[in-house]
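For reference, the structure is listed below as structure tokens.
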Amino acid sequence: MKYKDFEYEIIDQEVRIIKYLGTNTKVFVPVSIDGYDVTVIGEQAFYGKYSLDFLFLPHTLKRIERLAFSHTGISLLYIPESGTTIEAEAFSYNQLLKKVFMAENVKSIDPTAFIACPQLDGYYIDENNPYYTSIDGILFSKDLTSLIKYPDGKQDSTYIVPDTITKIENNAFAFCSYLKNIELPQHLERIGSWAFVKCYMEEIVIPDSVKYMGEGVFYNCKQLKKVTLSKNLSHIQPNTFAMCIKLKNITIPKSVAILDCLAFIYCNSDLTIKVYKNCQLENKEALDLNFKIIKTN
């Protein structure tokens, strides 16, 4: 079905926008169509609308689906009070997006919702929101135990993660090209997958409190030269240091029982990895990539 420049469908007496067909620079998403509230912006509904620079979302909106506004030209975003859910990559790869404002009822933000927005310097959350908060434009869980997303375009070169943080979420620092130094807290327990993708720090220390790191944590960190790993890790997963081309030496702690050799694909061929004899090597075919593994007692 079609209403003006919108293709839509009606599900359970609510409207889901399927596709925006127009080319306007300013778009006001309607509150209702055919007497039914517009509650969902569907997957890829506005994808690739680079001319779109102003977006007004209706007060009836509940959910924004994956990639809905990816690759557009919007610069400011306000999620209304009715909005509760922002799915994966919903606003990703928006080159001009600078600030995001969210009302009090947003309760689910996918870690990749705003990934690769190079000018985004701040998330701002209504103080009455029971799920999220922001400090200096950085997005946290309300209880300040999880760091959810550091803005890609925030121009500080150094950041000290608050002592209350026990978890760095998936993609939390991904594409943060200005950051050169990141200091992690001593009570940190978990670092999610792809947490530091394409960051530019040269050195990082993972505190011994960390027991888990996900896949691809330092993927494509091309300036990374030195890493001190937690002595309580049990597993190094695939892609953890992939494409870290300046990394020349790394020691895998004795606590690590399993090392996936795919953790170091596309690294420098001069890379030397020291492991303890008790460490099990997975995907040994990756050893053909010429980096050296030295086992020690």
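Ordering of the structure tokens sets the chain letters (A, B, ...); residue numbers start at 1 within each chain; ligands are numbered from 1 in the order shown.
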* Run DSSP on the backbone and give me the residues of range 24-213 of chain A it puts in strand (DSSP E), as a VMD selection string. => chain A and resid 26 to 28 32 to 33 36 to 41 54 to 56 63 to 64 76 to 79 85 to 86 99 to 102 108 to 109 122 to 125 132 to 135 138 to 141 146 to 149 158 to 160 167 to 168 181 to 183 190 to 191 203 to 205 212 to 213
With a distance cut-off of 9 Å and only C-alpha atoms, select the neighbouring residues of Lys154 in chain A, excluding the residue or stretch itself and same-chain residues fewer than 3 positions from it, and output the selection as an mmCIF file with C-alpha atoms, in the first residue's frame.
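The resulting around.cif:
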```cif
data_model
loop_
_atom_site.group_PDB
_atom_site.id
_atom_site.type_symbol
_atom_site.label_atom_id
_atom_site.label_comp_id
_atom_site.auth_asym_id
_atom_site.auth_seq_id
_atom_site.Cartn_x
_atom_site.Cartn_y
_atom_site.Cartn_z
ATOM 1 C CA PRO A 118 32.411 9.858 12.094
ATOM 2 C CA GLN A 119 30.996 13.223 13.209
ATOM 3 C CA LEU A 120 28.801 11.919 16.017
ATOM 4 C CA ASP A 121 30.151 13.532 19.180
ATOM 5 C CA GLY A 122 27.442 12.834 21.725
ATOM 6 C CA GLY A 137 28.031 12.380 25.505
ATOM 7 C CA ILE A 138 29.064 8.769 26.171
ATOM 8 C CA TYR A 150 31.609 5.969 22.883
ATOM 9 C CA PRO A 151 30.731 8.445 20.106
ATOM 10 C CA SER A 157 42.546 11.695 22.410
ATOM 11 C CA CYS A 176 36.608 5.951 17.345
ATOM 12 C CA SER A 177 39.479 7.309 15.284
ATOM 13 C CA TYR A 178 40.415 10.202 17.594
ATOM 14 C CA LEU A 179 41.170 8.060 20.643
#
```
I'd like a table as CSV: residues in range 102-218 of chain A with an atom no more than 10 Å from range 52-75 of chain A, each row giving the shortest atom pair and its distance in Å to one decimal, only C-alpha atoms counted, sorted by chain and rising residue number.
```
residue,atom,partner,partner_atom,distance
A:Asn105,CA,A:Lys62,CA,9.4
A:Val106,CA,A:Lys62,CA,8.8
A:Ser108,CA,A:Arg63,CA,9.5
A:Ile109,CA,A:Ile64,CA,9.9
A:Asp110,CA,A:Arg66,CA,9.1
A:Thr112,CA,A:Arg66,CA,9.5
A:Ala113,CA,A:Arg66,CA,7.8
A:Phe114,CA,A:Ser70,CA,8.8
A:Ile115,CA,A:Ser70,CA,9.6
A:Ala116,CA,A:Ser70,CA,9.9
A:Cys117,CA,A:His71,CA,9.5
A:Gln119,CA,A:Ser75,CA,8.8
A:Leu120,CA,A:Ser75,CA,8.6
```
With C-alpha atoms retained, write the just-selected residues as a short mmCIF file (atom, residue, chain, number, x, y, z; two decimals), in the first residue's frame.
```cif
data_model
loop_
_atom_site.label_atom_id
_atom_site.label_comp_id
_atom_site.auth_asym_id
_atom_site.auth_seq_id
_atom_site.Cartn_x
_atom_site.Cartn_y
_atom_site.Cartn_z
CA ASN A 105 11.30 5.30 27.19
CA VAL A 106 14.09 4.01 24.95
CA SER A 108 16.77 -1.31 23.73
CA ILE A 109 19.65 0.11 21.64
CA ASP A 110 21.61 -2.36 19.54
CA THR A 112 25.74 -1.25 16.22
CA ALA A 113 22.81 1.16 15.90
CA PHE A 114 25.07 4.21 15.40
CA ILE A 115 28.27 2.58 14.21
CA ALA A 116 30.53 4.37 11.70
CA CYS A 117 29.13 7.89 12.20
CA GLN A 119 31.00 13.22 13.21
CA LEU A 120 28.80 11.92 16.02
#
```
Give me the residues near range 167-170 of chain A as a compact mmCIF listing (two decimals) with C-alpha atoms, in the first residue's frame, where near means some atom within 9 Å (using only C-alpha atoms) and where sequence neighbours in that chain fewer than 2 positions away do not count.
```txt
# COMPACT_ATOMS: atom_id res chain seq x y z
CA PRO A 111 25.39 -1.85 19.97
CA THR A 112 25.74 -1.25 16.22
CA THR A 145 28.24 -0.81 35.03
CA SER A 146 28.25 -1.10 31.21
CA LEU A 147 29.83 1.23 28.68
CA ILE A 148 27.59 0.89 25.64
CA LYS A 149 28.94 3.32 23.03
CA ILE A 165 32.32 -0.19 34.62
CA ALA A 172 31.66 0.13 22.27
CA PHE A 173 34.70 1.96 20.87
CA ALA A 174 34.48 0.80 17.26
CA LEU A 188 36.45 -4.62 34.45
CA GLU A 189 35.28 -8.21 33.84
CA ARG A 190 34.17 -8.50 30.20
CA ILE A 191 35.07 -6.94 26.86
CA GLY A 192 32.50 -7.58 24.14
CA SER A 193 33.11 -8.59 20.53
CA TRP A 194 34.55 -6.01 18.12
CA ALA A 195 34.85 -3.55 21.02
CA PHE A 196 37.83 -1.56 19.66
CA GLY A 214 34.83 -11.60 22.59
CA VAL A 217 38.13 -7.10 19.93
```
* Test item: residues at most 8 Å from Leu77 in chain A, only C-alpha atoms, excluding those fewer than 5 positions along its chain, as a count of residues only -> 5
Excluding Cys279 in chain A and its own-chain neighbours fewer than 2 positions away, which residues fall within 10 Å of it when counting only C-alpha atoms? Please give them as a PDB file with C-alpha atoms, in the first residue's frame.
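The resulting file, around29.pdb, is reproduced below:
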```pdb
ATOM      1  CA  SER A 234      41.007 -18.547  29.255  1.00  0.00           C
ATOM      2  CA  HIS A 235      40.465 -18.164  25.507  1.00  0.00           C
ATOM      3  CA  ILE A 252      49.747 -15.069  25.824  1.00  0.00           C
ATOM      4  CA  PRO A 253      49.146 -15.526  29.583  1.00  0.00           C
ATOM      5  CA  LYS A 254      49.458 -18.956  31.214  1.00  0.00           C
ATOM      6  CA  SER A 255      45.745 -18.881  32.013  1.00  0.00           C
ATOM      7  CA  VAL A 256      44.831 -19.132  28.327  1.00  0.00           C
ATOM      8  CA  ALA A 257      43.888 -22.740  27.614  1.00  0.00           C
ATOM      9  CA  ILE A 258      42.813 -22.189  24.001  1.00  0.00           C
ATOM     10  CA  LEU A 259      44.385 -19.909  21.415  1.00  0.00           C
ATOM     11  CA  VAL A 275      52.519 -19.120  24.591  1.00  0.00           C
ATOM     12  CA  TYR A 276      52.803 -21.610  27.441  1.00  0.00           C
ATOM     13  CA  LYS A 277      53.010 -25.316  26.646  1.00  0.00           C
ATOM     14  CA  LEU A 281      46.199 -24.163  19.419  1.00  0.00           C
ATOM     15  CA  GLU A 282      43.099 -24.127  17.234  1.00  0.00           C
ATOM     16  CA  LYS A 295      56.074 -22.261  23.312  1.00  0.00           C
ATOM     17  CA  THR A 296      57.589 -21.857  26.757  1.00  0.00           C
TER      18      THR A 296
END
```
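Proximity to Val29 in chain A at 12 Å, evaluated using only C-alpha atoms and with sequence-adjacent residues fewer than 6 positions away removed, yields A:Tyr3, A:Lys4, A:Asp5, A:Phe6, A:Glu7, A:Tyr8, A:Val15, A:Arg16, A:Ile17, A:Lys19, A:Tyr20, A:Gly22, A:Asp37, A:Val38, A:Thr39, A:Val40, A:Ile41, A:Ala45, A:Phe46, A:Phe54, A:Leu55, A:Phe56, A:Leu57, A:Pro58, A:His59, A:Thr60, A:Leu61.
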Residues of the last selection are to be written out with N, CA and C atoms, as a PDB file, in the first residue's frame.
```pdb
ATOM      1  N   TYR A   3       1.028   5.631   0.635  1.00  0.00           N
ATOM      2  CA  TYR A   3       0.503   6.900   1.119  1.00  0.00           C
ATOM      3  C   TYR A   3       1.553   7.966   0.840  1.00  0.00           C
ATOM      4  N   LYS A   4       1.257   8.883  -0.058  1.00  0.00           N
ATOM      5  CA  LYS A   4       2.206   9.907  -0.492  1.00  0.00           C
ATOM      6  C   LYS A   4       3.512   9.221  -0.913  1.00  0.00           C
ATOM      7  N   ASP A   5       4.641   9.548  -0.242  1.00  0.00           N
ATOM      8  CA  ASP A   5       5.929   8.950  -0.624  1.00  0.00           C
ATOM      9  C   ASP A   5       6.278   7.724   0.205  1.00  0.00           C
ATOM     10  N   PHE A   6       5.300   7.164   0.897  1.00  0.00           N
ATOM     11  CA  PHE A   6       5.569   6.045   1.793  1.00  0.00           C
ATOM     12  C   PHE A   6       4.848   4.778   1.338  1.00  0.00           C
ATOM     13  N   GLU A   7       5.600   3.694   1.267  1.00  0.00           N
ATOM     14  CA  GLU A   7       4.990   2.383   1.163  1.00  0.00           C
ATOM     15  C   GLU A   7       4.816   1.852   2.583  1.00  0.00           C
ATOM     16  N   TYR A   8       3.701   1.181   2.849  1.00  0.00           N
ATOM     17  CA  TYR A   8       3.447   0.743   4.219  1.00  0.00           C
ATOM     18  C   TYR A   8       2.611  -0.528   4.230  1.00  0.00           C
ATOM     19  N   VAL A  15       0.703   0.740  11.801  1.00  0.00           N
ATOM     20  CA  VAL A  15       1.358   0.920  10.512  1.00  0.00           C
ATOM     21  C   VAL A  15       2.868   0.717  10.632  1.00  0.00           C
ATOM     22  N   ARG A  16       3.397  -0.074   9.714  1.00  0.00           N
ATOM     23  CA  ARG A  16       4.838  -0.245   9.557  1.00  0.00           C
ATOM     24  C   ARG A  16       5.238   0.353   8.218  1.00  0.00           C
ATOM     25  N   ILE A  17       6.105   1.374   8.258  1.00  0.00           N
ATOM     26  CA  ILE A  17       6.616   1.977   7.028  1.00  0.00           C
ATOM     27  C   ILE A  17       7.608   1.005   6.394  1.00  0.00           C
ATOM     28  N   LYS A  19       8.938   1.512   3.001  1.00  0.00           N
ATOM     29  CA  LYS A  19       9.897   2.182   2.120  1.00  0.00           C
ATOM     30  C   LYS A  19       9.509   3.637   1.923  1.00  0.00           C
ATOM     31  N   TYR A  20      10.529   4.511   1.984  1.00  0.00           N
ATOM     32  CA  TYR A  20      10.330   5.906   1.611  1.00  0.00           C
ATOM     33  C   TYR A  20      10.768   6.063   0.166  1.00  0.00           C
ATOM     34  N   GLY A  22      10.483   9.017  -1.690  1.00  0.00           N
ATOM     35  CA  GLY A  22      10.730  10.392  -2.098  1.00  0.00           C
ATOM     36  C   GLY A  22      12.201  10.763  -2.120  1.00  0.00           C
ATOM     37  N   ASP A  37      -2.064   4.215  13.825  1.00  0.00           N
ATOM     38  CA  ASP A  37      -0.805   4.848  14.245  1.00  0.00           C
ATOM     39  C   ASP A  37       0.386   4.249  13.526  1.00  0.00           C
ATOM     40  N   VAL A  38       1.320   5.127  13.142  1.00  0.00           N
ATOM     41  CA  VAL A  38       2.604   4.675  12.589  1.00  0.00           C
ATOM     42  C   VAL A  38       3.517   4.347  13.768  1.00  0.00           C
ATOM     43  N   THR A  39       3.856   3.074  13.924  1.00  0.00           N
ATOM     44  CA  THR A  39       4.637   2.635  15.091  1.00  0.00           C
ATOM     45  C   THR A  39       5.995   2.042  14.742  1.00  0.00           C
ATOM     46  N   VAL A  40       6.199   1.666  13.463  1.00  0.00           N
ATOM     47  CA  VAL A  40       7.440   0.988  13.086  1.00  0.00           C
ATOM     48  C   VAL A  40       8.001   1.581  11.790  1.00  0.00           C
ATOM     49  N   ILE A  41       9.301   1.875  11.820  1.00  0.00           N
ATOM     50  CA  ILE A  41      10.032   2.178  10.587  1.00  0.00           C
ATOM     51  C   ILE A  41      10.757   0.894  10.198  1.00  0.00           C
ATOM     52  N   ALA A  45      14.149   1.079   5.320  1.00  0.00           N
ATOM     53  CA  ALA A  45      13.093   1.923   4.747  1.00  0.00           C
ATOM     54  C   ALA A  45      13.629   3.213   4.130  1.00  0.00           C
ATOM     55  N   PHE A  46      14.666   3.809   4.735  1.00  0.00           N
ATOM     56  CA  PHE A  46      15.261   5.052   4.235  1.00  0.00           C
ATOM     57  C   PHE A  46      16.718   4.840   3.812  1.00  0.00           C
ATOM     58  N   PHE A  54      16.990  16.339   7.289  1.00  0.00           N
ATOM     59  CA  PHE A  54      16.154  16.647   8.457  1.00  0.00           C
ATOM     60  C   PHE A  54      15.085  15.576   8.567  1.00  0.00           C
ATOM     61  N   LEU A  55      14.977  14.991   9.763  1.00  0.00           N
ATOM     62  CA  LEU A  55      14.030  13.897   9.993  1.00  0.00           C
ATOM     63  C   LEU A  55      13.187  14.189  11.224  1.00  0.00           C
ATOM     64  N   PHE A  56      11.868  14.117  11.051  1.00  0.00           N
ATOM     65  CA  PHE A  56      10.965  14.264  12.190  1.00  0.00           C
ATOM     66  C   PHE A  56      10.202  12.958  12.365  1.00  0.00           C
ATOM     67  N   LEU A  57      10.405  12.320  13.525  1.00  0.00           N
ATOM     68  CA  LEU A  57       9.739  11.057  13.813  1.00  0.00           C
ATOM     69  C   LEU A  57       8.477  11.290  14.638  1.00  0.00           C
ATOM     70  N   PRO A  58       7.418  10.536  14.389  1.00  0.00           N
ATOM     71  CA  PRO A  58       6.138  10.784  15.061  1.00  0.00           C
ATOM     72  C   PRO A  58       6.139  10.329  16.519  1.00  0.00           C
ATOM     73  N   HIS A  59       5.260  10.938  17.313  1.00  0.00           N
ATOM     74  CA  HIS A  59       5.178  10.600  18.738  1.00  0.00           C
ATOM     75  C   HIS A  59       4.544   9.224  18.975  1.00  0.00           C
ATOM     76  N   THR A  60       4.120   8.574  17.903  1.00  0.00           N
ATOM     77  CA  THR A  60       3.548   7.230  18.004  1.00  0.00           C
ATOM     78  C   THR A  60       4.584   6.126  17.776  1.00  0.00           C
ATOM     79  N   LEU A  61       5.766   6.497  17.352  1.00  0.00           N
ATOM     80  CA  LEU A  61       6.780   5.522  16.936  1.00  0.00           C
ATOM     81  C   LEU A  61       7.264   4.669  18.108  1.00  0.00           C
TER      82      LEU A  61
END
```
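Note that the spacing between CA of Ser209 in chain A and CA of Val161 in chain A amounts to 14.3 Å.
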